[in-house]
file query06.tsv (TSV, C-alpha atoms)
chain	number	residue	atom	x	y	z
A	1	MET	CA	-5.15	6.81	-26.76
A	2	GLY	CA	-8.91	6.29	-26.89
A	3	ASP	CA	-11.42	7.56	-24.36
A	4	GLU	CA	-11.38	4.33	-22.34
A	5	PRO	CA	-8.01	3.43	-20.80
A	6	VAL	CA	-6.89	-0.15	-21.35
A	7	ASN	CA	-4.16	-0.35	-18.69
A	8	VAL	CA	-2.93	1.29	-15.50
A	9	LYS	CA	-0.34	3.39	-17.33
A	10	GLU	CA	-3.09	5.05	-19.38
A	11	TYR	CA	-5.05	5.79	-16.20
A	12	GLN	CA	-1.91	7.42	-14.81
A	13	GLU	CA	-1.68	9.65	-17.88
A	14	LEU	CA	-5.33	10.68	-17.48
A	15	ALA	CA	-4.74	11.41	-13.80
A	16	LYS	CA	-1.78	13.59	-14.68
A	17	GLN	CA	-4.01	15.58	-17.04
A	18	ALA	CA	-6.86	15.83	-14.52
A	19	LEU	CA	-4.95	16.82	-11.38
A	20	PRO	CA	-3.18	20.04	-10.47
A	21	LYS	CA	0.57	19.49	-10.78
A	22	MET	CA	0.98	19.82	-7.01
A	23	TYR	CA	-1.40	16.95	-6.32
A	24	TYR	CA	-0.20	14.71	-9.13
A	25	ASP	CA	3.40	15.12	-7.96
A	26	TYR	CA	2.33	14.30	-4.41
A	27	PHE	CA	0.76	11.01	-5.45
A	28	ALA	CA	3.30	10.00	-8.10
A	29	GLY	CA	6.53	11.15	-6.50
A	30	GLY	CA	9.13	9.43	-4.36
A	31	SER	CA	11.97	10.59	-2.15
A	32	GLU	CA	15.21	12.31	-3.13
A	33	ASP	CA	16.63	10.89	-6.42
A	34	GLN	CA	13.59	8.60	-6.83
A	35	HIS	CA	15.91	5.68	-7.57
A	36	THR	CA	13.79	3.27	-5.54
A	37	LEU	CA	10.62	4.68	-7.10
A	38	ARG	CA	11.86	3.65	-10.54
A	39	GLU	CA	13.20	0.33	-9.27
A	40	ASN	CA	9.87	-0.64	-7.70
A	41	THR	CA	8.38	-1.01	-11.19
A	42	GLU	CA	11.46	-1.75	-13.28
A	43	ALA	CA	12.54	-4.69	-11.10
A	44	PHE	CA	9.41	-6.55	-12.20
A	45	GLN	CA	10.56	-6.25	-15.80
A	46	ARG	CA	13.71	-8.24	-14.97
A	47	ILE	CA	11.63	-11.22	-13.82
A	48	THR	CA	10.38	-13.55	-16.53
A	49	ILE	CA	7.59	-16.12	-16.47
A	50	ARG	CA	7.98	-19.84	-17.23
A	51	PRO	CA	4.55	-20.94	-18.51
A	52	ARG	CA	3.37	-24.54	-18.49
A	53	ILE	CA	1.34	-25.82	-21.44
A	54	LEU	CA	-1.50	-28.28	-21.97
A	55	VAL	CA	-3.09	-27.61	-18.62
A	56	ASP	CA	-6.88	-27.40	-18.32
A	57	VAL	CA	-7.48	-23.71	-17.67
A	58	SER	CA	-11.13	-23.63	-18.72
A	59	LYS	CA	-11.93	-22.43	-15.19
A	60	ILE	CA	-9.69	-19.97	-13.36
A	61	ASP	CA	-10.20	-19.45	-9.63
A	62	MET	CA	-8.47	-16.37	-8.20
A	63	SER	CA	-10.34	-16.35	-4.90
A	64	THR	CA	-8.48	-16.56	-1.61
A	65	THR	CA	-8.71	-15.66	2.06
A	66	ILE	CA	-6.69	-13.01	3.86
A	67	LEU	CA	-6.69	-13.30	7.66
A	68	GLY	CA	-9.74	-15.50	7.24
A	69	TYR	CA	-11.70	-13.04	5.10
A	70	LYS	CA	-12.80	-14.24	1.68
A	71	THR	CA	-11.83	-12.08	-1.26
A	72	SER	CA	-12.31	-12.42	-5.00
A	73	ALA	CA	-8.59	-12.11	-5.78
A	74	PRO	CA	-5.25	-11.77	-3.96
A	75	ILE	CA	-5.46	-7.99	-4.33
A	76	MET	CA	-5.93	-5.38	-1.61
A	77	ILE	CA	-6.17	-1.61	-1.79
A	78	ALA	CA	-3.10	-0.20	-0.04
A	79	PRO	CA	-3.62	2.57	2.50
A	80	THR	CA	-2.74	5.80	0.70
A	81	ALA	CA	-3.30	9.27	2.11
A	82	MET	CA	-5.69	12.04	1.18
A	83	HIS	CA	-7.90	10.68	-1.58
A	84	LYS	CA	-9.91	13.91	-1.68
A	85	LEU	CA	-6.94	15.40	-3.51
A	86	ALA	CA	-7.86	12.98	-6.31
A	87	HIS	CA	-11.67	13.28	-6.09
A	88	PRO	CA	-14.05	15.31	-3.88
A	89	GLU	CA	-15.64	12.17	-2.42
A	90	GLY	CA	-12.27	10.68	-1.55
A	91	GLU	CA	-11.95	7.42	0.36
A	92	VAL	CA	-15.72	6.80	0.34
A	93	LEU	CA	-15.53	6.16	-3.41
A	94	THR	CA	-12.44	4.00	-2.96
A	95	ALA	CA	-14.24	1.88	-0.36
A	96	LYS	CA	-17.22	1.47	-2.68
A	97	ALA	CA	-14.87	0.33	-5.46
A	98	ALA	CA	-13.38	-2.25	-3.10
A	99	ALA	CA	-16.83	-3.50	-2.16
A	100	ALA	CA	-17.93	-3.72	-5.80
A	101	CYS	CA	-14.85	-5.78	-6.66
A	102	ASN	CA	-14.96	-7.86	-3.46
A	103	VAL	CA	-11.45	-6.95	-2.36
A	104	ILE	CA	-10.15	-5.66	0.98
A	105	MET	CA	-9.49	-1.97	1.50
A	106	GLY	CA	-6.72	-0.52	3.65
A	107	LEU	CA	-7.79	2.90	4.96
A	108	SER	CA	-5.00	5.40	5.55
A	109	PHE	CA	-4.47	6.98	8.96
A	110	MET	CA	-4.14	10.22	6.95
A	111	SER	CA	-7.42	9.80	5.07
A	112	THR	CA	-9.52	12.82	4.14
A	113	CYS	CA	-12.80	11.02	4.92
A	114	THR	CA	-13.41	9.99	8.50
A	115	ILE	CA	-13.30	6.42	9.75
A	116	GLU	CA	-17.04	6.61	10.32
A	117	GLU	CA	-17.83	7.98	6.85
A	118	VAL	CA	-15.92	5.17	5.18
A	119	ALA	CA	-17.42	2.50	7.45
A	120	SER	CA	-20.99	3.61	6.77
A	121	SER	CA	-20.52	3.98	3.00
A	122	CYS	CA	-20.55	0.29	2.02
A	123	ASN	CA	-19.90	-3.27	3.18
A	124	ALA	CA	-16.26	-3.56	2.08
A	125	ILE	CA	-13.91	-5.53	4.33
A	126	ARG	CA	-11.64	-2.83	5.75
A	127	PHE	CA	-8.25	-2.80	7.49
A	128	PHE	CA	-7.00	0.36	9.23
A	129	GLN	CA	-3.51	1.76	8.83
A	130	LEU	CA	-1.92	3.20	11.97
A	131	TYR	CA	0.90	5.61	12.65
A	132	VAL	CA	1.96	6.02	16.26
A	133	TYR	CA	1.93	9.62	17.40
A	134	LYS	CA	4.00	11.03	20.24
A	135	ARG	CA	0.67	11.53	21.97
A	136	ARG	CA	-0.19	7.85	22.20
A	137	GLU	CA	-3.76	8.57	23.24
A	138	ILE	CA	-4.47	9.89	19.74
A	139	SER	CA	-3.31	6.67	18.11
A	140	ALA	CA	-5.18	4.65	20.72
A	141	LEU	CA	-8.37	6.60	19.98
A	142	MET	CA	-8.02	5.92	16.25
A	143	VAL	CA	-7.61	2.20	16.93
A	144	LYS	CA	-10.70	2.23	19.14
A	145	ARG	CA	-12.73	4.08	16.49
A	146	ALA	CA	-11.61	1.64	13.81
A	147	GLU	CA	-12.54	-1.33	15.99
A	148	MET	CA	-15.94	0.14	16.85
A	149	ASN	CA	-16.66	0.76	13.17
A	150	GLY	CA	-16.04	-2.77	12.01
A	151	PHE	CA	-12.48	-2.62	10.71
A	152	LYS	CA	-10.92	-6.07	10.78
A	153	ALA	CA	-7.17	-5.51	11.25
A	154	ILE	CA	-4.57	-2.88	12.12
A	155	LEU	CA	-1.78	-2.19	9.63
A	156	LEU	CA	1.00	-0.60	11.68
A	157	THR	CA	3.34	1.43	9.48
A	158	VAL	CA	6.85	1.13	10.92
A	159	ASP	CA	9.11	2.82	8.37
A	160	THR	CA	8.40	6.44	9.25
A	161	PRO	CA	10.31	7.60	12.35
A	162	LYS	CA	10.91	10.70	10.23
A	163	LEU	CA	9.38	11.71	6.94
A	164	GLY	CA	11.32	10.99	3.76
A	165	ARG	CA	12.51	13.97	1.75
A	166	ARG	CA	10.00	14.34	-1.06
A	167	GLU	CA	11.53	17.11	-3.08
A	168	ALA	CA	8.63	17.66	-5.48
A	169	ASP	CA	6.39	18.49	-2.52
A	170	ILE	CA	8.98	20.91	-1.19
A	171	LYS	CA	9.32	22.67	-4.55
A	172	ASN	CA	5.54	22.78	-5.08
A	173	LYS	CA	4.90	24.14	-1.57
A	174	MET	CA	2.35	21.38	-1.24
A	175	ILE	CA	-0.81	22.21	0.71
A	176	ALA	CA	-2.94	19.34	2.02
A	177	PRO	CA	-6.65	19.40	2.86
A	178	GLN	CA	-8.11	19.21	6.33
A	179	LEU	CA	-7.90	15.80	8.00
A	180	LYS	CA	-11.28	15.45	9.66
A	181	ASN	CA	-10.27	12.39	11.68
A	182	PHE	CA	-8.17	14.63	13.92
A	183	GLU	CA	-10.42	17.63	14.44
A	184	GLY	CA	-9.81	19.01	17.90
A	185	LEU	CA	-7.06	16.50	18.65
A	186	VAL	CA	-3.77	17.84	17.30
A	187	SER	CA	-4.78	21.27	16.00
A	188	THR	CA	-2.71	23.05	18.63
A	189	GLU	CA	0.36	21.49	17.08
A	190	VAL	CA	-0.42	22.94	13.65
A	191	ASP	CA	-0.68	26.73	13.68
A	192	ASP	CA	-3.30	26.72	16.45
A	193	ALA	CA	-6.02	26.35	13.81
A	194	SER	CA	-9.39	24.87	14.71
A	195	GLU	CA	-8.90	22.21	12.05
A	196	ILE	CA	-5.73	20.61	10.71
A	197	THR	CA	-4.26	22.19	7.62
A	198	ILE	CA	-0.79	20.94	6.85
A	199	CYS	CA	1.38	23.27	4.82
A	200	PHE	CA	4.33	21.71	3.05
A	201	GLU	CA	6.67	24.68	2.61
A	202	GLY	CA	10.38	23.99	2.40
A	203	SER	CA	11.08	21.68	5.30
A	204	ASN	CA	7.81	22.46	7.14
A	205	LEU	CA	6.38	19.02	6.34
A	206	GLU	CA	9.37	17.44	7.98
A	207	ALA	CA	8.91	19.78	10.93
A	208	PHE	CA	5.25	18.81	11.18
A	209	ALA	CA	6.13	15.11	11.09
A	210	SER	CA	8.82	15.58	13.72
A	211	ARG	CA	6.25	17.20	16.03
A	212	ILE	CA	3.66	14.47	15.49
A	213	PHE	CA	5.24	11.10	14.68
A	214	ASP	CA	7.01	9.19	17.44
A	215	PRO	CA	10.62	8.39	16.43
A	216	SER	CA	11.07	6.38	19.63
A	217	LEU	CA	8.67	3.69	18.38
A	218	SER	CA	10.37	0.31	18.78
A	219	TRP	CA	9.71	-3.42	18.96
A	220	LYS	CA	8.59	-3.22	22.58
A	221	ASP	CA	5.69	-1.01	21.54
A	222	ILE	CA	4.05	-3.84	19.60
A	223	ALA	CA	3.01	-5.24	22.98
A	224	TRP	CA	1.38	-1.89	23.82
A	225	LEU	CA	-0.57	-1.90	20.57
A	226	LYS	CA	-1.70	-5.49	21.01
A	227	SER	CA	-2.83	-4.64	24.55
A	228	ILE	CA	-5.27	-1.96	23.36
A	229	THR	CA	-7.02	-3.89	20.58
A	230	LYS	CA	-8.46	-7.29	19.88
A	231	LEU	CA	-7.78	-6.85	16.16
A	232	PRO	CA	-4.89	-8.65	14.47
A	233	VAL	CA	-1.83	-6.45	14.00
A	234	LEU	CA	0.24	-6.53	10.80
A	235	ILE	CA	3.40	-4.48	10.37
A	236	LYS	CA	4.00	-2.59	7.14
A	237	GLY	CA	7.54	-1.71	6.11
A	238	VAL	CA	9.56	-4.94	6.44
A	239	LEU	CA	12.44	-5.32	3.97
A	240	THR	CA	14.82	-7.82	5.63
A	241	ARG	CA	14.81	-11.36	6.98
A	242	GLU	CA	16.09	-10.05	10.34
A	243	ASP	CA	13.06	-7.82	10.81
A	244	ALA	CA	10.70	-10.54	9.56
A	245	ILE	CA	12.03	-12.88	12.26
A	246	LYS	CA	11.77	-10.16	14.91
A	247	ALA	CA	8.20	-9.42	13.84
A	248	MET	CA	7.20	-13.02	14.43
A	249	GLU	CA	8.96	-13.01	17.80
A	250	VAL	CA	6.84	-10.08	19.02
A	251	GLY	CA	3.67	-11.78	17.83
A	252	VAL	CA	2.37	-9.85	14.84
A	253	GLU	CA	-0.26	-11.60	12.75
A	254	GLY	CA	1.13	-10.61	9.37
A	255	ILE	CA	3.93	-8.82	7.51
A	256	ILE	CA	3.69	-6.33	4.66
A	257	VAL	CA	6.83	-6.14	2.54
A	258	SER	CA	6.90	-2.45	1.66
A	259	ASN	CA	9.24	0.50	1.13
A	260	HIS	CA	6.40	3.01	1.52
A	261	GLY	CA	5.97	3.41	-2.21
A	262	ALA	CA	9.61	4.61	-2.37
A	263	ARG	CA	8.60	7.74	-0.44
A	264	GLN	CA	10.83	7.22	2.60
A	265	LEU	CA	14.48	6.06	2.32
A	266	ASP	CA	15.80	6.22	-1.23
A	267	TYR	CA	18.17	3.50	-2.48
A	268	VAL	CA	16.51	0.72	-0.54
A	269	PRO	CA	15.78	-2.26	-2.79
A	270	ALA	CA	12.65	-2.66	-4.83
A	271	THR	CA	10.18	-4.60	-2.72
A	272	ILE	CA	9.95	-7.42	-5.28
A	273	ALA	CA	13.74	-7.86	-4.91
A	274	VAL	CA	13.47	-8.61	-1.18
A	275	LEU	CA	10.15	-10.45	-1.10
A	276	GLU	CA	11.69	-13.91	-1.36
A	277	GLU	CA	14.10	-13.19	1.51
A	278	VAL	CA	11.22	-12.29	3.81
A	279	VAL	CA	9.09	-15.24	2.68
A	280	ALA	CA	11.97	-17.63	3.38
A	281	ALA	CA	12.34	-16.24	6.90
A	282	VAL	CA	8.61	-16.48	7.66
A	283	ARG	CA	8.28	-20.06	6.35
A	284	GLY	CA	4.50	-19.86	6.11
A	285	ARG	CA	3.89	-19.13	9.78
A	286	ILE	CA	2.06	-15.84	9.14
A	287	PRO	CA	0.75	-14.16	5.98
A	288	VAL	CA	3.18	-12.11	3.89
A	289	LEU	CA	1.56	-9.33	1.88
A	290	PHE	CA	3.38	-7.41	-0.83
A	291	ASP	CA	3.28	-3.67	-1.55
A	292	GLY	CA	5.09	-1.68	-4.21
A	293	GLY	CA	5.25	-1.31	-7.97
A	294	ILE	CA	2.26	-3.40	-9.07
A	295	ARG	CA	1.07	-2.10	-12.44
A	296	ARG	CA	0.12	-5.31	-14.30
A	297	GLY	CA	-1.51	-8.67	-13.67
A	298	THR	CA	1.84	-10.21	-14.57
A	299	ASP	CA	3.37	-8.27	-11.65
A	300	ILE	CA	0.81	-9.82	-9.30
A	301	PHE	CA	1.58	-13.28	-10.70
A	302	LYS	CA	5.32	-12.75	-10.14
A	303	ALA	CA	4.80	-11.63	-6.53
A	304	LEU	CA	2.60	-14.65	-5.82
A	305	ALA	CA	5.18	-16.97	-7.41
A	306	LEU	CA	7.83	-15.51	-5.09
A	307	GLY	CA	5.70	-16.30	-2.06
A	308	ALA	CA	3.35	-13.39	-1.36
A	309	ASN	CA	-0.11	-14.34	-0.09
A	310	ALA	CA	-1.59	-11.22	-1.69
A	311	VAL	CA	-0.55	-7.86	-3.10
A	312	MET	CA	-1.51	-4.28	-2.33
A	313	ILE	CA	-2.16	-1.63	-4.96
A	314	GLY	CA	-1.92	2.04	-4.04
A	315	ARG	CA	-1.15	4.57	-6.77
A	316	PRO	CA	-3.11	2.73	-9.52
A	317	VAL	CA	-6.37	3.08	-7.58
A	318	VAL	CA	-5.69	6.77	-6.92
A	319	TYR	CA	-5.00	7.29	-10.62
A	320	GLY	CA	-8.32	5.66	-11.47
A	321	LEU	CA	-10.08	7.81	-8.89
A	322	ALA	CA	-8.52	11.00	-10.26
A	323	ALA	CA	-9.23	10.12	-13.88
A	324	LYS	CA	-12.78	8.79	-13.69
A	325	GLY	CA	-13.99	8.87	-10.10
A	326	GLY	CA	-15.44	5.76	-8.51
A	327	TYR	CA	-15.81	4.13	-11.90
A	328	GLY	CA	-12.10	4.61	-12.56
A	329	ALA	CA	-11.07	3.17	-9.19
A	330	ARG	CA	-13.26	0.15	-9.81
A	331	ARG	CA	-12.00	-0.30	-13.38
A	332	VAL	CA	-8.36	-0.30	-12.26
A	333	ILE	CA	-9.08	-3.13	-9.82
A	334	GLU	CA	-11.11	-5.04	-12.42
A	335	MET	CA	-8.39	-4.51	-15.01
A	336	LEU	CA	-5.70	-5.96	-12.77
A	337	LYS	CA	-7.96	-8.88	-11.88
A	338	ASP	CA	-8.60	-9.56	-15.56
A	339	GLU	CA	-4.89	-9.37	-16.35
A	340	LEU	CA	-4.06	-11.76	-13.50
A	341	GLU	CA	-6.72	-14.20	-14.70
A	342	LEU	CA	-5.27	-14.12	-18.21
A	343	THR	CA	-1.71	-14.56	-16.91
A	344	MET	CA	-2.78	-17.58	-14.87
A	345	ALA	CA	-4.48	-19.13	-17.90
A	346	LEU	CA	-1.52	-18.54	-20.21
A	347	SER	CA	0.87	-19.87	-17.55
A	348	GLY	CA	-1.10	-23.07	-16.92
A	349	CYS	CA	-2.30	-22.17	-13.42
A	350	PRO	CA	-6.04	-22.69	-12.86
A	351	THR	CA	-5.81	-21.77	-9.13
A	352	LEU	CA	-3.56	-19.64	-6.96
A	353	ASN	CA	-2.12	-22.80	-5.39
A	354	ASP	CA	-0.86	-23.80	-8.83
A	355	ILE	CA	1.40	-20.72	-9.00
A	356	THR	CA	4.83	-21.86	-7.80
A	357	ARG	CA	8.40	-20.62	-7.60
A	358	ASN	CA	9.14	-22.63	-10.74
A	359	HIS	CA	6.92	-20.28	-12.75
A	360	VAL	CA	9.36	-17.35	-12.58
A	361	VAL	CA	13.02	-16.67	-13.28
A	362	THR	CA	14.74	-13.85	-11.38
A	363	GLN	CA	18.10	-12.19	-11.86
A	364	ILE	CA	19.49	-14.31	-9.02
A	365	ASP	CA	18.36	-17.45	-10.85
A	366	ASN	CA	20.08	-16.25	-14.00
A	367	HIS	CA	23.27	-15.52	-12.06
A	368	HIS	CA	23.28	-18.98	-10.47
A	369	SER	CA	22.70	-20.65	-13.82
A	370	ARG	CA	25.87	-19.02	-15.17
A	371	LEU	CA	28.04	-20.21	-12.30
call {"tool": "encode", "arguments": {"input": "query06.tsv", "output": "structure tokens"}}
result
Amino acid sequence: MGDEPVNVKEYQELAKQALPKMYYDYFAGGSEDQHTLRENTEAFQRITIRPRILVDVSKIDMSTTILGYKTSAPIMIAPTAMHKLAHPEGEVLTAKAAAACNVIMGLSFMSTCTIEEVASSCNAIRFFQLYVYKRREISALMVKRAEMNGFKAILLTVDTPKLGRREADIKNKMIAPQLKNFEGLVSTEVDDASEITICFEGSNLEAFASRIFDPSLSWKDIAWLKSITKLPVLIKGVLTREDAIKAMEVGVEGIIVSNHGARQLDYVPATIAVLEEVVAAVRGRIPVLFDGGIRRGTDIFKALALGANAVMIGRPVVYGLAAKGGYGARRVIEMLKDELELTMALSGCPTLNDITRNHVVTQIDNHHSRL
């Protein structure tokens, strides 16, 4: 492999070389047997593309709008925790990469840079990820800070009543950095330290999560969240048509099809395998975003063909950040944009609206064709 990576997989290899094993395993790993982790990427390989020929593709337009915000491509940066484990400047560099590429950034609730630091670093369009703590006033304060600092939406993560069993972190006795967003707020719940330091020893991470996260969070709490913010609320972690329908009933403004990067419940389906089910339930009434397993422009094309309005990329950006700093994060986004543009051209799709369900063949399609 040359000095300059040519795809996301090569950035991942560089990140593995650059990071301490503990940190690489934290970013790359999934829960338990990691079956869903493998499926998230491998399921894309079982979907094929049906290109159309002799279409004028001299001009390719990948631009779109997400919740009314213009973006250069249907790509968002997923909210992933603790970017300072990948690079000392952390989420500030990630935000600058998003701004340079004109894509939307999702900032993690568990970020290692503060909301204010990220907001003041650049002019990227930013959405804020939210977990609901047992002490609701902490979550409410984070929402208020995000709103005051120009964030445009709340991404409520709903698949974490308890933390998934991430065995690599347990074996590595993973130690996380201080989370400056919470200084003075929840320190008494973590070793009475003046600043939060989370120690992942044995089951201590699970114990920490059980003290902090609210497992009683339920559909009725969406009304509480909507009552404390004027920002649109999207829920992240939907995998079934039943929950998609319920989400619309409680008035969310968008759905993110996600299995938490395969870090929560193992043996749930790959997100690309359930995307079409959710899209069919929503019927275009609210945006459906897709999260999980994107490593190629062809993956983005397949998700769009199955009905996603846009996709989120998480680990690839972190790998770029770890390998080559802000330049690497930006190059990963640019690389995926370039690959999507090429896929659209070779498939006969000059605009995103030209990408249709007829452009892909899934395993279900193959099964039906044999009946």
call {"tool": "atom_distance", "arguments": {"input": "query06.tsv", "atom1": "atom CA of Thr351 of chain A", "atom2": "atom CA of Thr64 of chain A"}}
result
9.5 Å
call {"tool": "residues_around", "arguments": {"input": "query06.tsv", "residues": "segment 318-329 of chain A", "least_positions_apart": "5", "cutoff": "9 Å", "atoms": "only C-alpha atoms", "output": "list in words"}}
result
Val8, Tyr11, Gln12, Glu13, Leu14, Ala15, Lys16, Gln17, Ala18, Leu19, Tyr24, Phe27, Thr80, His83, Leu85, Ala86, His87, Pro88, Glu89, Gly90, Val92, Leu93, Thr94, Lys96, Ala97, Ala98 and Glu334 of chain A
call {"tool": "residues_around", "arguments": {"input": "query06.tsv", "residues": "segment 47-58 of chain A", "least_positions_apart": "4", "cutoff": "6 Å", "atoms": "only C-alpha atoms", "output": "JSON, numbers by chain"}}
result
{"A": [345, 347, 348, 350, 359, 360, 361, 362]}
call {"tool": "atom_distance", "arguments": {"input": "query06.tsv", "atom1": "atom CA of Asp61 of chain A", "atom2": "atom CA of Glu339 of chain A"}}
result
13.2 Å
call {"tool": "atom_distance", "arguments": {"input": "query06.tsv", "atom1": "atom CA of Val282 of chain A", "atom2": "atom CA of Val311 of chain A"}}
result
16.6 Å
call {"tool": "residues_around", "arguments": {"input": "query06.tsv", "residues": "Ile138 of chain A", "least_positions_apart": "4", "cutoff": "9 Å", "atoms": "only C-alpha atoms", "output": "list in words"}}
result
Val132, Tyr133, Lys134, Met142, Val143, Phe182, Leu185 and Val186 of chain A
